[in-house]
Amino acid sequence: MKKKFMLASSIATTFLATATAVSGIMLTNRLMYIKPKDAAFIYDREVKAKRFDEAWFNGCLKEELTIQSPNDYTIKGIFLKPLTTKNTMIICHGVTESKMNSIKYARMYERLGFNTVVYDHRRHGDSGGKTTSYGHYEKYDLQAIVQAVKAIIGENALLGIHGESMGAATTLLYAGTVEDNASFYISDCAFSDFRELLARIIKNSISIDFKFAIHFTNIFIRLREGYSFDHVNPKLAVKNIRKPTLFIHSEPDDFIPSTMTEQLFDAKPDAKMLKIFKDGAHAQSFNVSPFEYEQVITKFLQDFVGNYWNNLEGDPLV
């Protein structure tokens with residue numbers, strides 16, 4: 001009888017352990033292997049919305065970039081050079097997007113006197129990498145991009161970083177935890193705390209205890225990926241950023257609430273500007289209000305990037 005009880009107990013323990021492991025793997029798989037959008041879909045969307053001018057793109061002087069990530073894969077990008085200037089913007093796209101989504105900003109920055117680097121995050125577009133880490137490992141890739149671009153343009157050129165959604169979180173994590181080595185930063189609809197964002201998503205979409213799910217998933221992320229949700233916290237990172245930072249969000253955003261950007265703005269020490277647009281869903285502020293968006297960035301550059309006008313070269317289209 002005792003042997004039967006021990007056998008049953010052993011089977012039950014094994015079953016629970018297996019079920020726990022399977023659940024943990026399933027939950028973390030949803031994060032780690034989130035499916036990027038199809039390249040053809042992004043291209044068609046941008047062309048139809050007239051945000052991608054193929055004639056301009058084909059005629060623009062450009063350089064293909066292949067940069068080695070410190071995480072042992074290659075990062076693919078394009079250095080767009082419509083102007084004879086060293087001043088450059090690096091654009092970081094959001095999760096499931098690609099560098100094609102970032103090209104819409106290149107025309108705006110051309111008018112403002114900047115060339116532009118667009119690139120694919122790890123496991124997106126043409127870049128390598130097996131998983132998505134929502135800014136944790138991506139921030140080290142951004143560091144490699146910054147170093148490569150600075151080697152081309154020199155230390156005296158203006159270098160800005162513009163991030164959208166996960167790309168914005170990556171930008172802030174880079175500047176606040178790796179190196180504050182750009183001239184300025186623009187954060188569009190970043191989350192302030194990845195744990196809080198996940199809690200919000202789980203609470204609204206899954207009928208389980210969201211606090212337990214977050215804790216449980218975090219354990220498996222640590223085991224499988226070597227980092228925790230505590231490492232993906234832009235709200236803590238911005239406290240260390242000294243360079244000027246523009247925070248942008250749209251009030252109707254129901255995926256990442258605009259209050260998260262307000263938290264980021266409040267946490268950042270001086271040299272900062274905040275703009276909450278009245279229209280636009282998640283990551284749609286520029287798409288809905290392109291003229292006002294450009295005006296906001298122009299004012300930020302004029303007010304906070306002291307050597308902006310002195311560094312303009314190459315006949316910007318202003």
# chains A, B, ... in the order shown; residues from 1 in each chain; ligands from 1
$ residues_around --residues "A:Ile248" --least-positions-apart "2" --cutoff "9 Å" --atoms "only C-alpha atoms" --output "ChimeraX atom specification"
/A:186-190,246,250,258,261,273-277,285
$ write_last_selection --atoms "all heavy atoms" --output "short mmCIF file (atom, residue, chain, number, x, y, z; two decimals), in the first residue's frame"
data_model
loop_
_atom_site.label_atom_id
_atom_site.label_comp_id
_atom_site.auth_asym_id
_atom_site.auth_seq_id
_atom_site.Cartn_x
_atom_site.Cartn_y
_atom_site.Cartn_z
N ILE A 186 14.55 60.67 -29.22
CA ILE A 186 13.11 60.88 -29.40
C ILE A 186 12.41 59.55 -29.16
O ILE A 186 12.67 58.56 -29.85
CB ILE A 186 12.79 61.43 -30.80
CG1 ILE A 186 13.46 62.80 -30.98
CG2 ILE A 186 11.28 61.52 -31.02
CD1 ILE A 186 13.33 63.39 -32.36
N SER A 187 11.54 59.54 -28.16
CA SER A 187 10.84 58.32 -27.76
C SER A 187 9.36 58.46 -28.09
O SER A 187 8.66 59.29 -27.51
CB SER A 187 11.02 58.10 -26.24
OG SER A 187 10.13 57.12 -25.76
N ASP A 188 8.89 57.64 -29.03
CA ASP A 188 7.48 57.68 -29.45
C ASP A 188 6.77 56.43 -28.96
O ASP A 188 7.06 55.32 -29.38
CB ASP A 188 7.42 57.77 -30.98
CG ASP A 188 6.00 57.96 -31.51
OD1 ASP A 188 5.04 57.61 -30.79
OD2 ASP A 188 5.86 58.45 -32.64
N CYS A 189 5.85 56.61 -28.04
CA CYS A 189 4.95 55.58 -27.47
C CYS A 189 5.70 54.40 -26.85
O CYS A 189 5.36 53.24 -27.06
CB CYS A 189 3.91 55.11 -28.47
SG CYS A 189 4.47 54.26 -29.96
N ALA A 190 6.73 54.69 -26.06
CA ALA A 190 7.44 53.64 -25.32
C ALA A 190 6.60 53.17 -24.13
O ALA A 190 5.80 53.93 -23.59
CB ALA A 190 8.78 54.16 -24.83
N LEU A 246 12.92 63.91 -26.20
CA LEU A 246 11.54 64.26 -26.54
C LEU A 246 10.68 63.02 -26.37
O LEU A 246 10.97 61.97 -26.94
CB LEU A 246 11.46 64.77 -27.97
CG LEU A 246 10.07 64.94 -28.59
CD1 LEU A 246 9.23 65.94 -27.81
CD2 LEU A 246 10.18 65.35 -30.07
N SER A 250 0.26 59.24 -28.23
CA SER A 250 -1.08 59.66 -28.62
C SER A 250 -2.06 59.23 -27.53
O SER A 250 -1.99 58.10 -27.03
CB SER A 250 -1.49 59.08 -29.98
OG SER A 250 -1.38 57.68 -29.98
N SER A 258 -0.88 56.34 -22.82
CA SER A 258 -0.06 57.55 -22.83
C SER A 258 0.45 57.91 -21.44
O SER A 258 1.45 58.63 -21.32
CB SER A 258 -0.86 58.72 -23.42
OG SER A 258 -2.02 58.97 -22.65
N THR A 261 4.14 57.17 -21.02
CA THR A 261 5.08 58.19 -21.49
C THR A 261 5.14 59.36 -20.51
O THR A 261 6.21 59.94 -20.30
CB THR A 261 4.69 58.66 -22.90
OG1 THR A 261 5.19 57.70 -23.85
CG2 THR A 261 5.29 60.02 -23.24
N MET A 273 11.17 67.22 -23.17
CA MET A 273 9.97 67.83 -23.75
C MET A 273 8.94 66.73 -23.93
O MET A 273 9.28 65.58 -24.26
CB MET A 273 10.31 68.49 -25.08
CG MET A 273 9.14 69.15 -25.81
SD MET A 273 9.75 70.05 -27.29
CE MET A 273 8.21 70.28 -28.18
N LEU A 274 7.67 67.07 -23.73
CA LEU A 274 6.58 66.10 -23.82
C LEU A 274 5.52 66.59 -24.79
O LEU A 274 5.14 67.76 -24.77
CB LEU A 274 5.94 65.90 -22.43
CG LEU A 274 4.67 65.05 -22.37
CD1 LEU A 274 4.98 63.59 -22.69
CD2 LEU A 274 4.02 65.16 -20.99
N LYS A 275 5.05 65.67 -25.66
CA LYS A 275 3.93 65.99 -26.54
C LYS A 275 2.97 64.80 -26.58
O LYS A 275 3.34 63.69 -26.99
CB LYS A 275 4.42 66.30 -27.96
CG LYS A 275 3.30 66.47 -28.99
CD LYS A 275 2.38 67.63 -28.64
CE LYS A 275 1.27 67.80 -29.69
NZ LYS A 275 0.35 68.92 -29.36
N ILE A 276 1.74 65.02 -26.15
CA ILE A 276 0.69 64.00 -26.24
C ILE A 276 -0.29 64.44 -27.33
O ILE A 276 -0.97 65.46 -27.21
CB ILE A 276 -0.07 63.84 -24.89
CG1 ILE A 276 0.89 63.54 -23.75
CG2 ILE A 276 -1.13 62.75 -25.03
CD1 ILE A 276 1.62 62.22 -23.88
N PHE A 277 -0.32 63.68 -28.42
CA PHE A 277 -1.22 64.00 -29.53
C PHE A 277 -2.65 63.59 -29.18
O PHE A 277 -2.87 62.58 -28.50
CB PHE A 277 -0.76 63.30 -30.80
CG PHE A 277 0.44 63.91 -31.44
CD1 PHE A 277 1.72 63.55 -31.04
CD2 PHE A 277 0.31 64.86 -32.44
CE1 PHE A 277 2.84 64.12 -31.62
CE2 PHE A 277 1.42 65.45 -33.03
CZ PHE A 277 2.69 65.07 -32.61
N SER A 285 0.87 58.40 -34.26
CA SER A 285 0.91 59.87 -34.15
C SER A 285 1.44 60.50 -35.43
O SER A 285 0.86 61.47 -35.94
CB SER A 285 1.78 60.28 -32.96
OG SER A 285 1.23 59.86 -31.75
#
$ closest_atom_pairs --of "stretch 133-251 of chain A" --to "stretch 106-128 of chain A" --cutoff "10 Å" --atoms "only C-alpha atoms" --output "CSV"
residue,atom,partner,partner_atom,distance
A:Ser133,CA,A:Arg122,CA,8.9
A:Tyr134,CA,A:His121,CA,9.9
A:Gly135,CA,A:His121,CA,9.5
A:Tyr137,CA,A:Arg122,CA,8.5
A:Glu138,CA,A:His121,CA,6.7
A:Lys139,CA,A:His121,CA,9.7
A:Asp141,CA,A:His121,CA,7.8
A:Leu142,CA,A:His121,CA,8.6
A:Ile145,CA,A:Tyr119,CA,8.7
A:Val146,CA,A:Val117,CA,9.9
A:Val149,CA,A:Val117,CA,8.3
A:Leu158,CA,A:Phe114,CA,8.6
A:Leu159,CA,A:Phe114,CA,8.8
A:Gly160,CA,A:Phe114,CA,9.1
A:Ile161,CA,A:Val117,CA,9.4
A:Met166,CA,A:His121,CA,9.8
A:Gly167,CA,A:His121,CA,8.4
A:Thr170,CA,A:His121,CA,9.9
$ select_by_dssp --residues "stretch 76-286 of chain A" --states "helix (DSSP H, G or I)" --output "PyMOL selection string"
chain A and resi 99-111+138-153+166-178+194-205+210-225+229-231+234-240+258-267+285-286
$ closest_atom_pairs --of "stretch 211-312 of chain A" --to "stretch 29-35 of chain A" --cutoff "10 Å" --atoms "only C-alpha atoms" --output "JSON lines"
{"residue": "A:Thr217", "atom": "CA", "partner": "A:Leu31", "partner_atom": "CA", "distance": 9.4}
{"residue": "A:Phe220", "atom": "CA", "partner": "A:Asn29", "partner_atom": "CA", "distance": 9.9}
{"residue": "A:Ile221", "atom": "CA", "partner": "A:Met32", "partner_atom": "CA", "distance": 8.7}
{"residue": "A:Arg224", "atom": "CA", "partner": "A:Met32", "partner_atom": "CA", "distance": 9.7}
{"residue": "A:Glu225", "atom": "CA", "partner": "A:Met32", "partner_atom": "CA", "distance": 8.7}
$ write_last_selection --atoms "N, CA and C atoms" --output "CSV table (one decimal), in the first residue's frame"
chain,number,residue,atom,x,y,z
A,217,THR,N,5.9,33.6,-15.7
A,217,THR,CA,6.6,33.8,-16.9
A,217,THR,C,8.0,34.4,-16.7
A,220,PHE,N,10.6,31.7,-16.0
A,220,PHE,CA,11.0,31.0,-17.2
A,220,PHE,C,11.8,31.8,-18.2
A,221,ILE,N,11.5,33.1,-18.2
A,221,ILE,CA,12.3,34.0,-19.1
A,221,ILE,C,13.8,34.0,-18.5
A,224,ARG,N,15.4,30.7,-19.5
A,224,ARG,CA,15.6,30.4,-20.9
A,224,ARG,C,16.4,31.5,-21.6
A,225,GLU,N,16.2,32.8,-21.2
A,225,GLU,CA,16.8,33.9,-21.9
A,225,GLU,C,17.9,34.6,-21.1
$ closest_residue --among "A:Arg222, A:His215, A:Lys268, A:Arg45" --to "A:Val238" --atoms "only C-alpha atoms"
A:Lys268
$ closest_residue --among "A:Thr88, A:Ser98, A:Thr28, A:Thr245" --to "A:Ala213" --atoms "only C-alpha atoms"
A:Thr28
